[in-house]
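Everything below belongs to final.txt, which stores compact mmCIF, C-alpha atoms.
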```
# COMPACT_ATOMS: atom_id res chain seq x y z
CA MET A 8 14.85 53.25 31.23
CA THR A 9 16.50 51.98 34.43
CA ARG A 10 17.27 53.69 37.71
CA ALA A 11 20.68 53.79 39.30
CA GLY A 12 21.46 50.55 41.06
CA ASP A 13 18.91 48.53 39.07
CA ARG A 14 20.10 45.58 36.99
CA PRO A 15 19.28 46.07 33.30
CA THR A 16 16.65 43.74 31.95
CA ASP A 17 17.49 41.58 28.91
CA ILE A 18 14.29 41.42 26.90
CA THR A 19 15.81 38.85 24.53
CA ALA A 20 16.51 36.32 27.26
CA PRO A 21 14.83 32.98 26.54
CA SER A 22 11.95 31.85 28.70
CA PRO A 23 12.82 29.23 31.27
CA VAL A 24 12.38 25.60 30.24
CA THR A 25 9.86 23.88 32.43
CA LYS A 26 9.70 20.25 33.42
CA ASP A 27 6.67 19.71 31.17
CA ASP A 28 8.61 21.07 28.17
CA LYS A 29 11.40 18.58 28.77
CA MET A 30 8.91 15.72 29.07
CA ASN A 31 7.20 16.72 25.81
CA ALA A 32 10.57 16.99 24.02
CA ASP A 33 11.61 13.53 25.18
CA ARG A 34 8.26 11.94 24.40
CA PRO A 35 8.19 10.21 20.97
CA ILE A 36 5.63 11.14 18.34
CA PRO A 37 2.68 8.77 18.77
CA PHE A 38 2.51 6.17 16.03
CA ARG A 39 -1.17 6.94 15.45
CA ARG A 40 -0.16 10.49 14.52
CA LEU A 41 2.44 9.21 12.05
CA LEU A 42 -0.17 6.87 10.62
CA ALA A 43 -2.71 9.68 10.24
CA VAL A 44 -0.15 11.88 8.48
CA GLU A 45 0.87 9.14 6.05
CA ALA A 46 -2.76 8.22 5.38
CA ARG A 47 -3.52 11.85 4.55
CA LYS A 48 -0.61 11.87 2.09
CA LEU A 49 -2.47 9.32 -0.05
CA VAL A 50 -4.84 12.06 -1.19
CA ASP A 51 -2.69 15.13 -0.57
CA THR A 52 -0.87 14.93 -3.89
CA ARG A 53 -2.34 15.23 -7.37
CA SER A 54 -1.10 11.76 -8.35
CA GLY A 55 -2.63 10.20 -5.24
CA VAL A 56 -6.00 11.82 -5.88
CA ILE A 57 -5.98 10.77 -9.53
CA ILE A 58 -5.10 7.15 -8.74
CA ALA A 59 -7.76 6.97 -6.02
CA LEU A 60 -10.45 8.40 -8.30
CA VAL A 61 -9.42 6.19 -11.21
CA MET A 62 -9.54 3.06 -9.03
CA VAL A 63 -12.97 3.92 -7.66
CA GLY A 64 -14.26 4.71 -11.15
CA LEU A 65 -12.79 1.58 -12.74
CA VAL A 66 -14.11 -0.66 -9.98
CA ALA A 67 -17.65 0.69 -10.41
CA ALA A 68 -17.50 0.64 -14.22
CA SER A 69 -16.03 -2.86 -14.49
CA VAL A 70 -18.57 -4.32 -12.06
CA VAL A 71 -21.53 -2.77 -13.87
CA ALA A 72 -20.22 -3.67 -17.33
CA ARG A 73 -19.53 -7.28 -16.33
CA GLY A 74 -23.00 -7.55 -14.86
CA VAL A 75 -24.55 -6.46 -18.17
CA VAL A 76 -22.43 -8.97 -20.12
CA VAL A 77 -22.43 -12.13 -17.95
CA GLY A 78 -25.58 -11.57 -15.92
CA PRO A 79 -26.32 -10.98 -12.23
CA LYS A 80 -23.76 -13.23 -10.54
CA LEU A 81 -22.54 -11.57 -7.37
CA GLN A 82 -19.26 -13.43 -6.90
CA THR A 83 -18.31 -12.97 -10.55
CA LEU A 84 -18.99 -9.24 -10.39
CA VAL A 85 -16.91 -8.85 -7.23
CA GLY A 86 -13.99 -10.69 -8.79
CA THR A 87 -14.13 -8.44 -11.84
CA ALA A 88 -13.08 -5.49 -9.70
CA GLY A 89 -9.77 -7.27 -9.07
CA ILE A 90 -8.60 -6.33 -12.58
CA ALA A 91 -8.51 -2.64 -11.76
CA LEU A 92 -7.29 -3.13 -8.20
CA GLY A 93 -4.53 -5.54 -9.21
CA THR A 94 -3.26 -3.00 -11.74
CA LEU A 95 -3.33 0.21 -9.69
CA LEU A 96 -2.87 -0.88 -6.07
CA PRO A 97 0.85 -1.63 -6.63
CA VAL A 98 1.26 1.84 -8.17
CA LEU A 99 -0.36 3.37 -5.10
CA GLY A 100 2.09 1.48 -2.89
CA ILE A 101 5.07 2.54 -4.99
CA LEU A 102 4.15 6.22 -4.91
CA THR A 103 3.52 6.08 -1.17
CA VAL A 104 7.05 4.89 -0.42
CA THR A 105 8.92 6.89 -3.06
CA GLY A 106 7.05 10.18 -2.71
CA GLU A 107 9.28 11.52 0.09
CA TRP A 108 12.40 10.99 -1.99
CA ALA A 109 10.93 12.34 -5.22
CA HIS A 110 9.71 15.57 -3.61
CA ARG A 111 12.79 15.91 -1.37
CA THR A 112 10.74 16.03 1.82
CA ALA A 113 12.43 13.02 3.44
CA LEU A 114 14.87 15.29 5.27
CA THR A 115 12.03 17.15 7.00
CA THR A 116 10.23 13.92 7.83
CA PHE A 117 13.29 12.26 9.34
CA VAL A 118 14.19 15.38 11.32
CA LEU A 119 10.76 15.33 12.94
CA GLU A 120 10.94 11.57 13.46
CA PRO A 121 14.56 10.30 13.39
CA ARG A 122 13.52 6.68 13.90
CA ARG A 123 13.05 5.88 10.27
CA HIS A 124 11.63 2.40 10.80
CA ARG A 125 8.54 3.96 12.41
CA VAL A 126 8.07 6.21 9.39
CA VAL A 127 8.36 3.24 7.02
CA ALA A 128 5.84 1.26 9.07
CA ALA A 129 3.44 4.22 9.01
CA LYS A 130 3.83 4.47 5.23
CA CYS A 131 3.13 0.78 4.63
CA LEU A 132 -0.15 0.50 6.52
CA PRO A 133 -2.37 3.01 4.62
CA PRO A 134 -2.04 1.33 1.18
CA LEU A 135 -2.78 -2.06 2.75
CA LEU A 136 -5.84 -0.65 4.52
CA ALA A 137 -6.83 1.04 1.25
CA ALA A 138 -6.72 -2.37 -0.46
CA VAL A 139 -9.16 -3.75 2.11
CA ALA A 140 -11.40 -0.68 1.86
CA LEU A 141 -11.51 -0.86 -1.95
CA SER A 142 -12.30 -4.56 -1.79
CA LEU A 143 -15.25 -3.74 0.47
CA PHE A 144 -16.26 -0.97 -1.92
CA ALA A 145 -16.30 -3.48 -4.77
CA VAL A 146 -18.69 -5.68 -2.81
CA LEU A 147 -20.92 -2.69 -2.02
CA VAL A 148 -21.05 -1.84 -5.74
CA ALA A 149 -21.60 -5.44 -6.85
CA VAL A 150 -24.65 -6.01 -4.62
CA PRO A 151 -26.89 -3.27 -6.12
CA ALA A 152 -25.49 -3.96 -9.59
CA THR A 153 -26.56 -7.60 -9.25
CA ALA A 154 -30.00 -6.55 -8.06
CA VAL A 155 -30.52 -4.06 -10.91
CA VAL A 156 -29.32 -6.45 -13.62
CA SER A 157 -31.48 -9.27 -12.22
CA GLY A 158 -34.53 -7.04 -12.57
CA VAL A 159 -33.78 -6.53 -16.25
CA GLN A 160 -32.32 -9.83 -17.43
CA LYS A 161 -32.78 -12.95 -15.28
CA PRO A 162 -32.80 -14.09 -11.64
CA ALA A 163 -29.66 -13.26 -9.71
CA VAL A 164 -27.13 -15.70 -8.32
CA TRP A 165 -26.37 -14.43 -4.82
CA GLU A 166 -24.22 -17.33 -3.60
CA VAL A 167 -20.78 -16.19 -2.45
CA GLN A 168 -18.02 -18.38 -1.03
CA PRO A 169 -16.73 -16.64 2.11
CA LEU A 170 -13.26 -18.17 1.76
CA ALA A 171 -13.04 -17.04 -1.85
CA LEU A 172 -14.08 -13.52 -0.87
CA LEU A 173 -11.51 -13.40 1.92
CA GLY A 174 -8.86 -14.84 -0.36
CA TRP A 175 -9.67 -12.30 -3.05
CA THR A 176 -9.29 -9.50 -0.52
CA GLY A 177 -6.03 -11.03 0.65
CA GLY A 178 -4.80 -11.11 -2.94
CA ASN A 179 -5.48 -7.39 -3.27
CA VAL A 180 -3.51 -6.76 -0.08
CA LEU A 181 -0.62 -8.83 -1.46
CA VAL A 182 -0.36 -6.85 -4.70
CA ALA A 183 -0.38 -3.60 -2.71
CA ALA A 184 2.37 -5.02 -0.48
CA ALA A 185 4.37 -6.02 -3.56
CA GLY A 186 4.24 -2.41 -4.77
CA LEU A 187 5.39 -1.18 -1.36
CA ALA A 188 8.30 -3.63 -1.35
CA LEU A 189 9.40 -2.71 -4.87
CA GLY A 190 9.16 0.99 -4.14
CA ALA A 191 11.14 0.65 -0.90
CA LEU A 192 13.83 -1.35 -2.66
CA LEU A 193 14.33 1.06 -5.57
CA LEU A 194 13.19 4.40 -4.06
CA ASN A 195 12.52 5.45 -7.65
CA ALA A 196 8.91 5.64 -8.76
CA PRO A 197 9.34 5.47 -12.57
CA ALA A 198 11.68 2.46 -12.41
CA ALA A 199 9.46 0.63 -9.94
CA ILE A 200 6.30 1.28 -11.98
CA VAL A 201 7.95 0.06 -15.18
CA ILE A 202 9.12 -3.13 -13.48
CA ASN A 203 5.69 -3.65 -11.95
CA PHE A 204 3.91 -3.44 -15.31
CA SER A 205 6.51 -5.45 -17.23
CA THR A 206 6.73 -8.32 -14.72
CA PRO A 207 3.52 -10.12 -15.85
CA VAL A 208 4.72 -10.03 -19.46
CA LEU A 209 8.12 -11.36 -18.41
CA TRP A 210 6.57 -14.25 -16.46
CA ALA A 211 4.31 -15.09 -19.39
CA VAL A 212 7.42 -15.47 -21.55
CA VAL A 213 9.38 -17.39 -18.92
CA GLY A 214 6.51 -19.80 -18.31
CA ARG A 215 6.50 -20.82 -21.98
CA LEU A 216 10.22 -21.37 -22.40
CA ASP A 217 10.61 -24.93 -21.10
CA SER A 218 9.88 -27.05 -18.05
CA ALA A 219 12.36 -25.07 -15.95
CA GLY A 220 10.69 -21.80 -16.89
CA ALA A 221 7.25 -23.23 -16.11
CA THR A 222 8.52 -24.38 -12.70
CA LEU A 223 9.92 -20.94 -11.95
CA ALA A 224 6.62 -19.33 -12.87
CA GLU A 225 4.70 -21.80 -10.70
CA TRP A 226 6.82 -20.92 -7.67
CA LEU A 227 7.77 -17.26 -8.15
CA ASP A 228 5.02 -15.61 -10.19
CA LEU A 229 2.83 -13.94 -7.57
CA GLY A 230 -0.09 -13.69 -9.97
CA THR A 231 0.00 -17.46 -10.56
CA THR A 232 0.58 -18.54 -6.97
CA ALA A 233 -2.15 -16.22 -5.61
CA ALA A 234 -4.82 -17.64 -7.94
CA PRO A 235 -5.74 -20.54 -5.60
CA LEU A 236 -6.02 -18.05 -2.74
CA THR A 237 -8.57 -15.95 -4.60
CA SER A 238 -10.57 -19.04 -5.54
CA GLY A 239 -10.78 -20.20 -1.91
CA ASP A 240 -9.59 -23.77 -2.47
CA MET A 241 -5.86 -23.60 -1.74
CA THR A 242 -3.99 -26.80 -0.94
CA TRP A 243 -0.83 -27.18 1.17
CA SER A 244 1.42 -27.41 -1.90
CA GLU A 245 -0.20 -24.30 -3.39
CA GLY A 246 0.26 -22.54 -0.06
CA ALA A 247 3.96 -23.38 -0.16
CA ARG A 248 4.24 -21.86 -3.64
CA LEU A 249 2.41 -18.73 -2.48
CA ALA A 250 4.68 -18.40 0.55
CA THR A 251 7.75 -18.72 -1.70
CA SER A 252 6.55 -16.01 -4.10
CA VAL A 253 5.57 -13.74 -1.19
CA ALA A 254 9.06 -14.13 0.27
CA PHE A 255 10.62 -13.42 -3.14
CA TRP A 256 8.48 -10.39 -4.09
CA ILE A 257 7.50 -8.90 -0.72
CA ALA A 258 9.47 -10.07 2.32
CA VAL A 259 13.01 -9.94 0.92
CA PRO A 260 12.64 -6.69 -1.11
CA LEU A 261 10.86 -4.97 1.78
CA ALA A 262 13.58 -5.99 4.24
CA ALA A 263 16.29 -4.83 1.84
CA GLY A 264 14.40 -1.60 1.21
CA LEU A 265 14.10 -0.97 4.95
CA VAL A 266 17.84 -1.40 5.36
CA ARG A 267 18.41 0.99 2.46
CA VAL A 268 16.07 3.62 3.93
CA LEU A 269 17.73 3.34 7.33
CA ARG A 270 21.21 3.84 5.86
CA LYS A 271 20.52 6.15 2.93
CA GLU A 272 21.99 9.63 3.14
CA VAL A 273 19.25 12.25 2.88
CA THR A 274 20.06 15.35 0.82
```

Just dump the structure as structure tokens.
Amino acid sequence: MTRAGDRPTDITAPSPVTKDDKMNADRPIPFRRLLAVEARKLVDTRSGVIIALVMVGLVAASVVARGVVVGPKLQTLVGTAGIALGTLLPVLGILTVTGEWAHRTALTTFVLEPRRHRVVAAKCLPPLLAAVALSLFAVLVAVPATAVVSGVQKPAVWEVQPLALLGWTGGNVLVAAAGLALGALLLNAPAAIVINFSTPVLWAVVGRLDSAGATLAEWLDLGTTAAPLTSGDMTWSEGARLATSVAFWIAVPLAAGLVRVLRKEVT
């Protein structure tokens, strides 16, 4: 109720915008926050949790089983974990990039952060860091497994080549990056996963066709070119082949996928 001569009060009038509000609105979202959000998405979905648990379980099971079969050889047991990681790390990368488009949450993400290249960068780092973390986990499992098996069977072989261990970890990072690149290029998880699993079979066929097919496999098959890296004795010519396959399977598809994400209409 107002008295005569008083100006009526508008209770719906918006509150004044302060200088601090304008500064907060103009300030970009910190990259560390984007990175934390995308890292949390790795285990926020049912598929992400299942893949993470399966990888951890397969790494532990393969290391222990190989130790029982071949004996307590630390470097051999660590390398055994690469079978599970090389199979599932690309899938983790694919689902990380394509999840926004499959669940139709890309519109919300790009409204909150319109600079899409920062979102893509934040998506790419967690799977690569996960590859390093799982490689370390494999070492942590292989050490006690070697000790236990040596107490039952025969003396353990603890010698490990540091370059081979670093190269093996780098190979795991490369396969995760290949999954990210393929997922960014296609933005379709089923298609990317099918291509990822069928590529080794295709290269096995191509490598046995003739000399030209063998040459293509030597230069473009990432599994073949990364083998010297994981063994720790790479030469300059083998490094050139690895760089060529990395450009073919990671650099070029990831660049093309980034362009596609930047230009793609979000519905």

ask   = Using all atoms listed in the file, which of the listed residues (A:Ala247, A:Arg123, A:Val253, A:Leu209) sits closest to Val266 in chain A?
value = A:Arg123

key: Residue with smallest distance to Gln82 in chain A - pool A:Pro134, A:Glu45, A:Leu170, A:Ala219, counting only C-alpha atoms   = A:Leu170

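Proximity of A:Ala233, A:Ala258, A:Val61, A:Val146 to Gly246 in chain A, computed with only C-alpha atoms, is greatest for A:Ala233.
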
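Between Ala149 in chain A and the candidates A:Thr87, A:Asn179, A:Ser244, A:Thr237, the tightest atom-to-atom separation, counting all atoms listed in the file, involves A:Thr87.
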
task = For Ala154 in chain A, please output as an NGL selection string all residues within 12 Å (counting only C-alpha atoms; exclusion window: fewer than 5 positions along the same chain).
result = :A and (71 or 74-75 or 78-81 or 84 or 147-149 or 159-165)

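Of the residues listed (A:Asp240, A:Glu245, A:Glu272, A:Glu225), A:Asp240 shows the shortest atom-to-atom separation from Gln168 in chain A; distances use all atoms listed in the file.
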
ask   = Pick from A:Leu95, A:Val156, A:Leu49, A:Ala128: nearest to Asn203 in chain A, with all atoms listed in the file counted?
value = A:Leu95

Neighbouring residues of Val201 in chain A were defined as those with any atom within 12 Å, considering all atoms listed in the file; residues of the same chain fewer than 3 positions away were excluded. Please report them as an mmCIF file with C-alpha atoms, keeping the file's coordinate frame.
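The resulting file, around.cif, is reproduced below:
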```cif
data_model
loop_
_atom_site.group_PDB
_atom_site.id
_atom_site.type_symbol
_atom_site.label_atom_id
_atom_site.label_comp_id
_atom_site.auth_asym_id
_atom_site.auth_seq_id
_atom_site.Cartn_x
_atom_site.Cartn_y
_atom_site.Cartn_z
ATOM 1 C CA PRO A 97 0.850 -1.630 -6.630
ATOM 2 C CA VAL A 98 1.260 1.840 -8.170
ATOM 3 C CA ILE A 101 5.070 2.540 -4.990
ATOM 4 C CA GLY A 186 4.240 -2.410 -4.770
ATOM 5 C CA LEU A 189 9.400 -2.710 -4.870
ATOM 6 C CA GLY A 190 9.160 0.990 -4.140
ATOM 7 C CA LEU A 193 14.330 1.060 -5.570
ATOM 8 C CA ASN A 195 12.520 5.450 -7.650
ATOM 9 C CA ALA A 196 8.910 5.640 -8.760
ATOM 10 C CA PRO A 197 9.340 5.470 -12.570
ATOM 11 C CA ALA A 198 11.680 2.460 -12.410
ATOM 12 C CA PHE A 204 3.910 -3.440 -15.310
ATOM 13 C CA SER A 205 6.510 -5.450 -17.230
ATOM 14 C CA THR A 206 6.730 -8.320 -14.720
ATOM 15 C CA PRO A 207 3.520 -10.120 -15.850
ATOM 16 C CA VAL A 208 4.720 -10.030 -19.460
ATOM 17 C CA LEU A 209 8.120 -11.360 -18.410
#
```

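Picture a line from CA of Trp243 in chain A to CA of Leu181 in chain A; it runs 18.5 Å.
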
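Separating CA of Arg270 in chain A from CA of Glu120 in chain A is a distance of 14.9 Å.
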
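Within the 8 Å cut-off around Leu92 in chain A, using all atoms listed in the file and omitting residues fewer than 6 positions from it on the same chain, the listed residues are Met62, Val66, Ala138, Leu141 and Asn179 of chain A.
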
Serialized selection, C-alpha atoms, as a PDB file, in the frame of the given file:
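After the write, part_20.pdb holds the following:
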```pdb
ATOM      1  CA  MET A  62      -9.540   3.060  -9.030  1.00  0.00           C
ATOM      2  CA  VAL A  66     -14.110  -0.660  -9.980  1.00  0.00           C
ATOM      3  CA  ALA A 138      -6.720  -2.370  -0.460  1.00  0.00           C
ATOM      4  CA  LEU A 141     -11.510  -0.860  -1.950  1.00  0.00           C
ATOM      5  CA  ASN A 179      -5.480  -7.390  -3.270  1.00  0.00           C
TER       6      ASN A 179
END
```

inquiry  = Excluding range 112-114 of chain A and its own-chain neighbours fewer than 4 positions away, which residues fall within 6 Å of it when counting all atoms listed in the file? Please give them as an MDAnalysis selection string.
reply    = chainID A and resid 107:108 273

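One finds CA of Leu194 in chain A at 9.0 Å from CA of Arg267 in chain A.
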
ask   = Can you tell me, as an MDAnalysis selection string, which residues sit within 10 Å of (1.9, 5.7, 11.6) in the file's frame, using all atoms listed in the file?
value = chainID A and resid 36:46 125:133

Would you export the selected residues with C-alpha atoms as a short mmCIF file (atom, residue, chain, number, x, y, z; two decimals), in the coordinates of the input, please?
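The resulting file, selection30.cif, is reproduced below:
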```cif
data_model
loop_
_atom_site.label_atom_id
_atom_site.label_comp_id
_atom_site.auth_asym_id
_atom_site.auth_seq_id
_atom_site.Cartn_x
_atom_site.Cartn_y
_atom_site.Cartn_z
CA ILE A 36 5.63 11.14 18.34
CA PRO A 37 2.68 8.77 18.77
CA PHE A 38 2.51 6.17 16.03
CA ARG A 39 -1.17 6.94 15.45
CA ARG A 40 -0.16 10.49 14.52
CA LEU A 41 2.44 9.21 12.05
CA LEU A 42 -0.17 6.87 10.62
CA ALA A 43 -2.71 9.68 10.24
CA VAL A 44 -0.15 11.88 8.48
CA GLU A 45 0.87 9.14 6.05
CA ALA A 46 -2.76 8.22 5.38
CA ARG A 125 8.54 3.96 12.41
CA VAL A 126 8.07 6.21 9.39
CA VAL A 127 8.36 3.24 7.02
CA ALA A 128 5.84 1.26 9.07
CA ALA A 129 3.44 4.22 9.01
CA LYS A 130 3.83 4.47 5.23
CA CYS A 131 3.13 0.78 4.63
CA LEU A 132 -0.15 0.50 6.52
CA PRO A 133 -2.37 3.01 4.62
#
```
